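File shown: protein.txt. Contents: compact mmCIF, C-alpha atoms.
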```txt
# COMPACT_ATOMS: atom_id res chain seq x y z
CA MET A 1 -100.19 24.37 130.59
CA LYS A 2 -100.23 21.67 127.90
CA LEU A 3 -99.15 22.25 124.31
CA ILE A 4 -98.62 19.91 121.38
CA CYS A 5 -95.28 19.59 119.59
CA PRO A 6 -95.82 20.45 115.90
CA GLU A 7 -92.92 18.17 114.99
CA CYS A 8 -93.87 14.88 116.67
CA GLY A 9 -97.26 15.45 118.30
CA ALA A 10 -96.00 14.83 121.84
CA GLU A 11 -97.41 16.75 124.78
CA ILE A 12 -95.30 19.67 126.05
CA ILE A 13 -96.01 20.86 129.57
CA LEU A 14 -95.11 24.43 130.58
CA GLU A 15 -95.29 25.80 134.10
CA ASP A 16 -96.24 29.31 133.01
CA LYS A 17 -97.97 30.85 130.04
CA PRO A 18 -95.23 31.58 127.47
CA VAL A 19 -94.61 34.92 125.80
CA GLU A 20 -94.05 35.61 122.13
CA ASN A 21 -90.67 34.50 120.77
CA GLU A 22 -90.03 32.26 123.76
CA ILE A 23 -88.13 29.05 122.99
CA VAL A 24 -89.64 25.75 124.05
CA GLU A 25 -88.05 22.34 123.61
CA CYS A 26 -89.96 19.12 123.04
CA SER A 27 -88.58 16.60 125.50
CA GLU A 28 -89.80 13.76 123.31
CA CYS A 29 -88.19 14.60 119.94
CA GLY A 30 -85.81 17.39 120.98
CA ALA A 31 -87.30 19.85 118.49
CA GLN A 32 -86.66 23.45 119.42
CA LEU A 33 -89.81 25.47 119.00
CA VAL A 34 -90.63 29.14 119.07
CA VAL A 35 -93.84 30.65 120.38
CA LYS A 36 -95.17 32.57 117.37
CA GLN A 37 -98.43 33.73 118.91
CA VAL A 38 -100.02 33.68 122.37
CA ASN A 39 -103.48 35.13 121.65
CA PRO A 40 -106.12 34.00 121.04
CA GLU A 41 -104.34 30.67 121.14
CA ILE A 42 -100.71 29.62 121.49
CA ILE A 43 -99.02 28.70 118.23
CA LEU A 44 -95.70 26.85 118.26
CA GLU A 45 -93.46 26.58 115.21
CA VAL A 46 -90.29 24.60 114.67
CA LEU A 47 -87.40 27.05 114.94
CA GLU A 48 -85.51 27.42 111.70
CA ASP A 49 -81.75 27.02 111.78
CA ILE A 50 -80.40 30.34 113.03
CA GLY A 51 -76.85 29.74 111.85
CA GLU A 52 -75.24 29.18 115.23
CA ASP A 53 -72.73 26.45 115.88
CA TRP A 54 -73.66 24.45 118.95
CA GLY A 55 -71.51 21.39 118.68
CA GLU A 56 -68.65 19.80 120.62
CA MET B 57 -57.01 38.53 110.34
CA MET B 58 -60.77 38.08 110.39
CA GLU B 59 -60.96 38.65 106.65
CA ILE B 60 -58.23 36.08 106.02
CA GLU B 61 -59.98 33.42 108.10
CA GLU B 62 -63.30 34.22 106.47
CA LYS B 63 -61.73 33.99 103.03
CA TYR B 64 -59.75 30.77 103.44
CA SER B 65 -61.51 28.73 106.15
CA ALA B 66 -64.25 26.21 105.40
CA GLY B 67 -66.63 28.71 106.98
CA ILE B 68 -68.58 26.20 109.04
CA TYR B 69 -68.39 27.99 112.38
CA SER B 70 -70.44 30.94 113.46
CA LYS B 71 -67.62 33.22 114.61
CA ARG B 72 -67.37 35.54 117.57
CA PRO B 73 -65.97 38.97 116.62
CA ILE B 74 -62.62 38.82 118.43
CA ILE B 75 -59.14 37.60 117.50
CA ILE B 76 -57.68 35.69 120.43
CA VAL B 77 -53.89 35.70 120.52
CA LYS B 78 -52.91 34.76 124.07
CA GLY B 79 -54.13 32.70 127.01
CA LYS B 80 -53.02 32.13 130.57
CA GLY B 81 -54.94 30.30 133.28
CA SER B 82 -58.64 31.15 132.99
CA ARG B 83 -58.01 34.25 130.89
CA VAL B 84 -57.47 34.98 127.22
CA TRP B 85 -56.51 38.19 125.45
CA ASP B 86 -57.50 39.49 122.05
CA ILE B 87 -55.23 41.13 119.51
CA GLU B 88 -56.02 44.58 120.91
CA GLY B 89 -55.02 43.51 124.43
CA ARG B 90 -58.54 43.19 125.85
CA GLU B 91 -58.81 40.56 128.57
CA TYR B 92 -61.59 37.96 128.91
CA ILE B 93 -62.49 35.33 131.47
CA ASP B 94 -62.87 32.17 129.45
CA CYS B 95 -65.92 30.08 130.34
CA VAL B 96 -65.87 28.44 126.90
CA GLY B 97 -62.53 26.85 127.77
CA GLY B 98 -61.99 25.57 124.25
CA PHE B 99 -65.31 23.65 124.50
CA GLY B 100 -64.15 22.18 127.80
CA VAL B 101 -60.58 21.41 126.75
CA ALA B 102 -58.73 23.97 128.91
CA ILE B 103 -59.16 21.99 132.14
CA VAL B 104 -55.68 22.80 133.50
CA GLY B 105 -55.87 26.38 132.23
CA HIS B 106 -54.49 28.02 129.14
CA SER B 107 -50.76 27.50 128.53
CA ASN B 108 -50.33 25.63 131.77
CA GLU B 109 -46.63 25.93 132.69
CA LYS B 110 -46.09 22.24 133.44
CA VAL B 111 -47.71 21.26 130.13
CA VAL B 112 -45.79 23.89 128.14
CA GLU B 113 -42.43 22.84 129.63
CA THR B 114 -43.16 19.18 128.94
CA ILE B 115 -44.19 19.83 125.33
CA CYS B 116 -40.99 21.83 124.68
CA GLU B 117 -38.75 19.18 126.24
CA GLN B 118 -40.43 16.32 124.41
CA ALA B 119 -40.40 18.16 121.07
CA LYS B 120 -36.61 18.40 121.36
CA GLN B 121 -36.40 14.68 122.13
CA ILE B 122 -38.71 13.13 119.51
CA ILE B 123 -42.01 14.18 117.94
CA VAL B 124 -42.83 11.32 115.57
CA CYS B 125 -43.00 7.70 116.63
CA PRO B 126 -45.71 5.55 115.04
CA THR B 127 -47.39 2.95 117.20
CA VAL B 128 -45.62 0.03 115.50
CA PHE B 129 -42.61 1.07 117.61
CA TYR B 130 -42.59 1.20 121.40
CA ASN B 131 -42.17 4.61 123.03
CA ASP B 132 -41.40 5.56 126.64
CA LYS B 133 -43.95 8.41 126.92
CA ARG B 134 -46.75 6.42 125.31
CA ALA B 135 -46.09 3.53 127.68
CA GLU B 136 -46.13 5.84 130.69
CA LEU B 137 -49.40 7.42 129.56
CA LEU B 138 -51.09 4.06 128.97
CA ARG B 139 -50.13 2.93 132.47
CA LEU B 140 -51.35 6.23 133.96
CA VAL B 141 -54.73 5.93 132.20
CA ALA B 142 -55.11 2.39 133.57
CA GLU B 143 -54.35 3.71 137.06
CA ILE B 144 -56.93 6.51 137.05
CA THR B 145 -59.79 4.56 135.40
CA PRO B 146 -61.66 1.60 136.96
CA LYS B 147 -59.34 -1.38 137.31
CA GLU B 148 -61.43 -3.54 134.94
CA LEU B 149 -60.64 -1.09 132.12
CA SER B 150 -56.99 -1.88 131.60
CA LYS B 151 -56.49 -1.48 127.84
CA THR B 152 -56.44 1.79 125.90
CA PHE B 153 -56.43 2.85 122.26
CA LEU B 154 -55.05 6.35 121.78
CA SER B 155 -56.37 8.62 119.05
CA ASN B 156 -56.64 12.34 118.35
CA SER B 157 -60.17 13.45 119.18
CA GLY B 158 -63.36 12.56 120.98
CA THR B 159 -65.19 11.47 117.89
CA GLU B 160 -62.36 9.05 117.09
CA ALA B 161 -62.62 7.62 120.59
CA VAL B 162 -66.32 6.97 119.94
CA GLU B 163 -65.69 5.45 116.50
CA CYS B 164 -63.28 2.99 118.07
CA ALA B 165 -65.80 2.14 120.81
CA LEU B 166 -68.52 1.40 118.24
CA LYS B 167 -66.20 -0.78 116.17
CA ILE B 168 -64.94 -2.88 119.07
CA ALA B 169 -68.48 -3.25 120.42
CA ARG B 170 -69.61 -4.73 117.12
CA LYS B 171 -66.57 -6.95 116.79
CA TYR B 172 -66.67 -8.26 120.37
CA THR B 173 -70.40 -8.94 120.52
CA GLY B 174 -70.93 -9.94 116.90
CA LYS B 175 -74.08 -7.81 117.05
CA LYS B 176 -74.91 -4.72 115.01
CA GLU B 177 -77.31 -2.39 116.82
CA PHE B 178 -76.73 0.46 119.25
CA ILE B 179 -79.01 2.32 121.62
CA ALA B 180 -78.05 5.97 122.10
CA MET B 181 -80.02 8.70 123.86
CA LYS B 182 -82.19 11.54 122.66
CA ARG B 183 -80.29 14.85 123.00
CA ALA B 184 -76.99 12.91 122.81
CA PHE B 185 -73.92 14.35 121.13
CA HIS B 186 -71.08 11.94 120.36
CA GLY B 187 -69.38 13.66 117.41
CA ARG B 188 -69.73 14.36 113.71
CA THR B 189 -67.92 11.50 111.94
CA MET B 190 -70.26 8.95 110.43
CA GLY B 191 -70.40 6.44 113.30
CA SER B 192 -70.51 8.95 116.14
CA LEU B 193 -72.90 11.11 114.10
CA SER B 194 -75.24 8.14 113.87
CA ALA B 195 -75.27 8.03 117.68
CA THR B 196 -75.79 11.81 117.91
CA TRP B 197 -79.42 12.86 118.25
CA LYS B 198 -80.08 16.22 116.62
CA LYS B 199 -81.46 16.16 113.09
CA LYS B 200 -79.60 19.39 112.29
CA TYR B 201 -76.29 17.55 112.38
CA LYS B 202 -77.50 14.49 110.48
CA LYS B 203 -80.19 15.24 107.94
CA ASN B 204 -77.95 16.21 105.02
CA PHE B 205 -75.52 13.33 105.41
CA GLU B 206 -77.71 10.28 105.25
CA PRO B 207 -77.49 7.37 104.88
CA LEU B 208 -75.63 7.13 108.17
CA VAL B 209 -74.42 3.94 109.84
CA PRO B 210 -77.46 1.66 110.20
CA GLY B 211 -78.60 0.16 113.49
CA PHE B 212 -78.84 3.21 115.78
CA LYS B 213 -81.94 3.83 117.89
CA HIS B 214 -82.48 6.59 120.43
CA ALA B 215 -84.08 6.15 123.83
CA THR B 216 -85.33 8.85 126.18
CA PHE B 217 -82.57 9.98 128.56
CA ASN B 218 -83.26 9.06 132.20
CA ASN B 219 -86.01 6.62 131.18
CA LEU B 220 -85.10 2.93 131.57
CA ASP B 221 -88.38 1.68 130.08
CA SER B 222 -87.59 3.58 126.91
CA VAL B 223 -84.21 1.79 126.72
CA GLN B 224 -85.76 -1.61 127.42
CA ASP B 225 -88.28 -1.08 124.61
CA LEU B 226 -85.48 -0.71 122.04
CA ILE B 227 -83.43 -3.79 122.95
CA THR B 228 -83.34 -6.66 120.47
CA ASN B 229 -81.27 -9.82 120.15
CA ASN B 230 -79.01 -7.81 117.88
CA THR B 231 -78.20 -4.96 120.32
CA ALA B 232 -74.43 -4.66 120.72
CA ALA B 233 -74.21 -1.72 123.12
CA ILE B 234 -75.85 1.16 124.90
CA ILE B 235 -73.93 4.44 124.63
CA VAL B 236 -74.58 7.30 127.04
CA GLU B 237 -73.06 10.52 128.34
CA PRO B 238 -73.38 10.62 132.16
CA VAL B 239 -74.00 14.34 131.71
CA GLN B 240 -75.32 15.39 128.32
CA GLY B 241 -73.27 18.41 127.33
CA GLU B 242 -74.21 19.65 123.91
CA GLY B 243 -77.78 18.46 124.49
CA GLY B 244 -78.25 21.14 127.16
CA VAL B 245 -76.31 20.01 130.26
CA TYR B 246 -78.61 17.31 131.61
CA VAL B 247 -77.27 15.15 134.44
CA ALA B 248 -78.19 11.46 134.37
CA ASP B 249 -80.14 10.18 137.38
CA TYR B 250 -78.30 7.81 139.68
CA ASP B 251 -80.94 5.10 139.16
CA PHE B 252 -80.78 5.52 135.39
CA ILE B 253 -77.05 4.79 135.16
CA LYS B 254 -77.32 1.96 137.68
CA GLY B 255 -80.27 0.59 135.71
CA LEU B 256 -78.36 0.75 132.41
CA ARG B 257 -75.60 -1.38 133.95
CA ASP B 258 -78.17 -3.91 135.16
CA ILE B 259 -79.90 -4.04 131.76
CA ALA B 260 -76.57 -4.44 129.97
CA ASP B 261 -75.51 -7.28 132.28
CA ASP B 262 -78.90 -8.97 132.05
CA LYS B 263 -79.10 -8.82 128.24
CA ASP B 264 -75.42 -9.39 127.51
CA ILE B 265 -75.03 -5.92 126.01
CA LEU B 266 -72.00 -3.65 126.35
CA LEU B 267 -72.27 -0.34 128.16
CA ILE B 268 -70.29 2.56 126.67
CA PHE B 269 -69.78 5.81 128.60
CA ASP B 270 -68.92 8.88 126.58
CA GLU B 271 -66.97 10.92 129.13
CA ILE B 272 -65.24 13.11 126.59
CA GLN B 273 -66.68 16.26 128.17
CA THR B 274 -67.22 14.97 131.72
CA GLY B 275 -63.82 13.36 132.23
CA PHE B 276 -60.71 14.60 134.02
CA GLY B 277 -62.40 16.33 136.92
CA ARG B 278 -64.99 18.41 135.10
CA THR B 279 -67.94 17.16 137.20
CA GLY B 280 -66.16 17.08 140.56
CA LYS B 281 -64.78 13.54 140.24
CA MET B 282 -61.93 12.35 138.01
CA PHE B 283 -64.63 10.66 135.90
CA ALA B 284 -68.39 11.13 136.20
CA LEU B 285 -68.83 7.36 136.49
CA GLU B 286 -67.58 7.71 140.08
CA HIS B 287 -70.77 9.60 141.01
CA TYR B 288 -72.70 6.44 140.12
CA ASN B 289 -70.19 3.80 141.20
CA VAL B 290 -70.77 2.10 137.86
CA THR B 291 -68.07 0.77 135.55
CA PRO B 292 -68.84 0.71 131.84
CA ASP B 293 -67.35 -1.87 129.49
CA ILE B 294 -65.90 0.88 127.31
CA LEU B 295 -65.00 4.45 128.27
CA CYS B 296 -64.42 7.25 125.75
CA ILE B 297 -62.31 10.20 126.88
CA GLY B 298 -60.54 13.19 125.34
CA LYS B 299 -60.95 16.99 125.57
CA GLY B 300 -58.56 18.26 128.28
CA MET B 301 -56.66 15.00 128.69
CA ALA B 302 -53.50 16.38 127.02
CA GLY B 303 -53.65 19.92 128.41
CA GLY B 304 -54.98 21.31 125.14
CA LEU B 305 -53.25 19.17 122.50
CA PRO B 306 -55.55 16.97 120.38
CA ILE B 307 -56.21 13.58 121.94
CA GLY B 308 -58.88 10.94 122.30
CA ALA B 309 -58.78 7.60 124.06
CA THR B 310 -60.93 4.50 124.15
CA VAL B 311 -60.45 2.56 127.36
CA ALA B 312 -61.97 -0.91 127.66
CA LYS B 313 -61.91 -4.29 129.29
CA PRO B 314 -59.01 -6.34 127.87
CA GLU B 315 -61.19 -9.07 126.37
CA ILE B 316 -63.00 -6.48 124.25
CA PHE B 317 -59.81 -5.16 122.64
CA GLU B 318 -58.48 -8.70 122.32
CA SER B 319 -61.35 -9.44 119.93
CA LEU B 320 -59.77 -7.10 117.35
CA ASP B 321 -57.31 -8.57 114.86
CA LYS B 322 -54.10 -6.73 114.00
CA GLY B 323 -54.75 -3.87 111.61
CA GLU B 324 -58.53 -3.74 112.11
CA HIS B 325 -58.17 -0.32 113.72
CA GLY B 326 -55.40 2.26 113.87
CA SER B 327 -54.27 5.88 113.92
CA THR B 328 -51.24 7.56 112.38
CA PHE B 329 -50.89 10.20 115.07
CA GLY B 330 -52.55 8.46 118.03
CA GLY B 331 -50.18 8.14 120.98
CA ASN B 332 -47.47 10.31 119.47
CA PRO B 333 -44.75 11.20 122.00
CA VAL B 334 -45.43 14.94 122.30
CA VAL B 335 -49.15 14.51 122.95
CA ALA B 336 -48.48 11.55 125.24
CA ALA B 337 -45.99 13.61 127.27
CA ALA B 338 -48.44 16.53 127.44
CA ALA B 339 -51.17 14.16 128.64
CA ILE B 340 -48.93 12.78 131.39
CA ALA B 341 -48.17 16.34 132.53
CA ALA B 342 -51.83 17.40 132.40
CA ILE B 343 -53.13 14.33 134.24
CA LYS B 344 -50.46 14.66 136.94
CA TYR B 345 -51.35 18.34 137.29
CA ILE B 346 -55.03 17.42 137.69
CA ILE B 347 -54.17 14.85 140.37
CA ASN B 348 -51.51 16.87 142.23
CA ASN B 349 -53.63 20.01 142.35
CA LYS B 350 -56.85 18.17 143.24
CA LEU B 351 -58.73 19.75 140.33
CA PRO B 352 -61.77 17.45 140.64
CA GLU B 353 -62.23 18.80 144.19
CA HIS B 354 -61.86 22.37 142.89
CA ALA B 355 -64.53 21.65 140.28
CA LYS B 356 -66.89 20.30 142.93
CA ILE B 357 -66.51 23.16 145.40
CA LYS B 358 -66.29 25.99 142.89
CA GLY B 359 -69.07 24.45 140.83
CA GLU B 360 -71.38 24.48 143.85
CA TYR B 361 -70.39 28.09 144.53
CA LEU B 362 -71.05 29.10 140.92
CA LEU B 363 -74.36 27.20 140.69
CA ASP B 364 -75.55 28.81 143.91
CA LYS B 365 -74.67 32.31 142.67
CA LEU B 366 -76.31 31.67 139.30
CA ARG B 367 -79.52 30.43 140.95
CA ARG B 368 -79.70 33.67 142.92
CA ILE B 369 -79.74 35.85 139.81
CA GLU B 370 -83.12 37.49 139.51
CA SER B 371 -84.06 37.42 135.87
CA ASN B 372 -87.21 36.67 133.95
CA VAL B 373 -85.02 35.47 131.08
CA ILE B 374 -83.66 32.44 132.98
CA ARG B 375 -85.81 29.29 132.92
CA GLU B 376 -83.48 26.92 134.75
CA VAL B 377 -79.90 26.61 136.02
CA ARG B 378 -78.52 23.07 136.11
CA GLY B 379 -75.24 21.21 136.13
CA ILE B 380 -72.64 19.42 138.19
CA GLY B 381 -69.11 20.52 139.07
CA LEU B 382 -67.90 23.09 136.58
CA MET B 383 -70.21 21.85 133.81
CA ILE B 384 -73.11 24.24 133.97
CA GLY B 385 -76.08 25.11 131.79
CA ILE B 386 -78.29 28.16 132.09
CA GLU B 387 -81.46 27.55 130.12
CA LEU B 388 -83.01 30.79 128.91
CA ARG B 389 -86.49 31.46 127.57
CA PHE B 390 -85.05 33.09 124.44
CA PRO B 391 -82.20 32.42 121.99
CA VAL B 392 -78.84 32.80 123.69
CA LYS B 393 -76.76 34.43 120.98
CA LYS B 394 -77.48 38.04 121.96
CA TYR B 395 -76.59 37.30 125.59
CA ILE B 396 -73.35 35.57 124.53
CA LEU B 397 -72.33 38.64 122.52
CA GLU B 398 -73.28 41.00 125.36
CA ALA B 399 -71.18 38.99 127.83
CA LEU B 400 -68.27 39.03 125.39
CA LYS B 401 -68.43 42.82 125.21
CA LYS B 402 -68.17 42.86 129.00
CA GLY B 403 -65.17 40.51 129.11
CA VAL B 404 -66.69 37.05 129.62
CA LEU B 405 -66.60 34.28 127.00
CA ILE B 406 -69.48 31.85 127.24
CA HIS B 407 -70.77 29.14 124.91
CA SER B 408 -74.14 27.63 124.13
CA SER B 409 -75.84 24.24 124.21
CA GLY B 410 -78.59 24.38 121.64
CA ILE B 411 -80.51 27.52 120.89
CA SER B 412 -81.53 28.49 124.38
CA THR B 413 -78.96 27.21 126.89
CA LEU B 414 -75.79 29.01 127.93
CA ARG B 415 -73.03 26.52 128.69
CA MET B 416 -70.11 27.16 131.01
CA LEU B 417 -67.02 24.93 130.88
CA PRO B 418 -64.34 27.11 132.48
CA PRO B 419 -60.84 25.86 133.35
CA LEU B 420 -60.99 24.01 136.68
CA ILE B 421 -58.39 26.42 138.06
CA ILE B 422 -60.79 29.37 137.80
CA THR B 423 -60.61 31.48 140.98
CA TYR B 424 -63.45 32.64 143.22
CA LYS B 425 -62.63 36.21 142.20
CA GLU B 426 -63.03 35.29 138.55
CA ILE B 427 -66.29 33.47 139.28
CA ASP B 428 -67.59 36.59 141.03
CA MET B 429 -66.62 38.68 138.00
CA VAL B 430 -68.48 36.26 135.72
CA ILE B 431 -71.57 36.44 137.94
CA GLU B 432 -71.46 40.24 137.91
CA VAL B 433 -71.42 40.26 134.11
CA LEU B 434 -74.19 37.66 133.81
CA GLU B 435 -76.37 39.56 136.28
CA GLU B 436 -76.07 42.61 134.07
CA VAL B 437 -76.55 40.74 130.79
CA LEU B 438 -79.52 38.65 131.93
CA LYS B 439 -81.33 41.33 133.94
CA THR B 440 -83.82 42.08 131.19
```
Represent the structure contained in this file as C-alpha cells.
Amino acid sequence: MKLICPECGAEIILEDKPVENEIVECSECGAQLVVKQVNPEIILEVLEDIGEDWGE
Amino acid sequence: MMEIEEKYSAGIYSKRPIIIVKGKGSRVWDIEGREYIDCVGGFGVAIVGHSNEKVVETICEQAKQIIVCPTVFYNDKRAELLRLVAEITPKELSKTFLSNSGTEAVECALKIARKYTGKKEFIAMKRAFHGRTMGSLSATWKKKYKKNFEPLVPGFKHATFNNLDSVQDLITNNTAAIIVEPVQGEGGVYVADYDFIKGLRDIADDKDILLIFDEIQTGFGRTGKMFALEHYNVTPDILCIGKGMAGGLPIGATVAKPEIFESLDKGEHGSTFGGNPVVAAAAIAAIKYIINNKLPEHAKIKGEYLLDKLRRIESNVIREVRGIGLMIGIELRFPVKKYILEALKKGVLIHSSGISTLRMLPPLIITYKEIDMVIEVLEEVLKT
C-alpha cells in the first residue's frame, strides 16, 4: 500500500492496511505520522509533540 | 521527593512515576522497596551493572587518594586510561581527548575535523542522534530537538542512512567529514549495512574526507563486539565514545589518528573535568571488568537469545523487532508510552526510541533468568 507523507511528499509503503491511530514513519524525512482516518480514504497527519523525552 | 524534583528541576524530562534509590547488577529498587529489572540501563550507561563492586571499590580508593587534577598536570590514572583506550581501539587511533559526556566527544570530533581538513561541511545521517549541544545538535536529525534553537552550526547536511548514493550526492569540495552511528540508537535502533559502512570508508578515502564513528551507545560491548566497528572491519579516522566507559560516572572520549589531534594548537580545545583521576580510575576498572568478564560475548549470545524470544511474541501491536547484541528495538504500531508504563507496573523498566519504538539497553551482565522475566512481562503487556 502506498501513501504520501504530508510533511515532505515522499512515498510511504506499508505492507498492510493501517488502522486508526497507528503510527507510521516517513523513511525519507523521519516525520512521525498518525493515521487519522482509514475510510473512505487513508488520512495521515504529522503527530504533534506528545511530551515524551526520547533522547540520549 | 517527586514534588521536590518537580518544583526545583528544569522540568525538561517526562518522568516515570517511581523514585529509584538503589541499584545492583541488572536490578534497581524504588523508595518503597519494589524491585525492577532495568532495561533502560541509564540510557545504556550501566554496561557493567549498577554499583559494580570493582568500580565502587576503585572509586572509593581513588577518592581517598586524589579527586582533582587538571590536565595541565600529569596523573597516573589518566595515563593508564589513555594507554588502555589505545589498546582496545584500532591501532591507528592512538590519541585520545577525555571529556565528560557523549555530546562533548562529538563536539571535539567536529572541531578537530574542521581544523585538520581546513574544510567546513559535514554529512550526517537522517534519524541520527549525536547530542544536544550546538555542534552535535546540528548533526542530529530530528526537527523536534532543533527547531527552536536555530541558527545552529552551519554546514550540516543529512543523507539517507544505508544509502551510499545519497551520501555521494551531498559531497562537495568543502566536506570535512562524514559522521555516522554504526547502529542508530535514538533514531529507532537501525543497524548499518555492512556494505554501507565499507562504502563510507571508500568514499572518505577517495574524496579525502574524514570518517567519524559515533559509538557512544554502541561501544564497550553493547553490540557483541568491544566496538561496533569490528563488525565491519572498518577503522574510522575519529571515534567518539562514552556512556558506560566509566562504569556509570560521566565520561566522553574522542579517539583519533595522531596527525588529526596534532593539527590542534595548545588551548584550542579543553575540559576542566575531563580525565579527572576518579573518573579515569573508574573507567580503568570498568573496561577491565568488560574485558575480563567477556561482556561483549555475553551481549552477543544473550542478545541473540533475547531477540529470538521477542520475535516469537504473538502480538498485533508489534511491527518489527530489530537490533544487534543487547541493543534492541521493538517497533510498535502505536505510541509506546502506555506500554512502557504497563511494563513498569509489572517490574520492568524499558525506554523508547521515538514515538513508536521500545528500546532495550540492559546491563550486559543481565542473566537468562532476568531475560525470561522481561519476556514474560512484555508478552503480557503487548498481547493486545
**Request:** Compile the contact shell of segment 165-172 of chain B as a ChimeraX atom specification: residues with an atom at most 8 Å away, counting all atoms listed in the file, same-chain residues fewer than 5 positions apart removed.
**Result:** /B:191,232-233,266,268,294-296,310,316-317,319-320
**Message:** With 7 Å as the limit and counting only C-alpha atoms, what residues in chain B lie close to chain A? Please list them as a ChimeraX atom specification.
**Reply:** /B:69-70,99,183,187,242,389-391,408-410,412
**Request:** Enter the distance from atom CA of Ala336 of chain B to atom CA of Lys133 of chain B, in Å, rounded to one decimal.
**Result:** 5.8 Å
**Item:** Separation of atom CA of Gln273 of chain B from atom CA of His106 of chain B in Å
**Value:** 17.0 Å
**Prompt:** Residues at most 6 Å from segment 145-156 of chain B, counting only C-alpha atoms, excluding those fewer than 2 positions away in the same chain, as a VMD selection string?
**Reply:** chain B and resid 142 to 143 306 to 314 330 to 331
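Interatomic distance, atom CA of Ile346 of chain B against atom CA of Phe276 of chain B: 7.3 Å.
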**Prompt:** What lies within 9 Å of segment 392-402 of chain B using only C-alpha atoms, ignoring chain neighbours under 5 positions off, as a PyMOL selection string?
**Reply:** (chain A and resi 52) or (chain B and resi 72-74+92+387+407-408+410-414+430+433-434+436-438)
**Request:** Show me as an MDAnalysis selection string the residues that reach within 10 Å of (-61.6, 15.4, 128.4), counting all atoms listed in the file and using the file's own coordinates.
**Result:** chainID B and resid 99:103 157:158 270:278 283 296:304 307:309
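Ranking A:Cys26, A:Glu15, A:Met1, A:Pro6 by their shortest atom-to-atom distance to Glu45 of chain A, with only C-alpha atoms included, puts A:Pro6 first.
Summary of the local environment: counting all atoms listed in the file, residues at most 7 Å from Gly359 of chain B, other than itself and those fewer than 6 positions away along its chain, are Ile380, Gly381 and Leu382 of chain B.
Considering all atoms listed in the file, the residue among B:Lys281, B:Arg188, B:Arg90, B:Arg378 positioned nearest to Ile144 of chain B is B:Lys281.
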**Request:** Would you be able to write out as a PyMOL selection string which residues have an atom within 9 Å of (-77.0, -11.2, 125.8) in the file's coordinates, counting all atoms listed in the file?
**Result:** chain B and resi 173+229-232+260-265
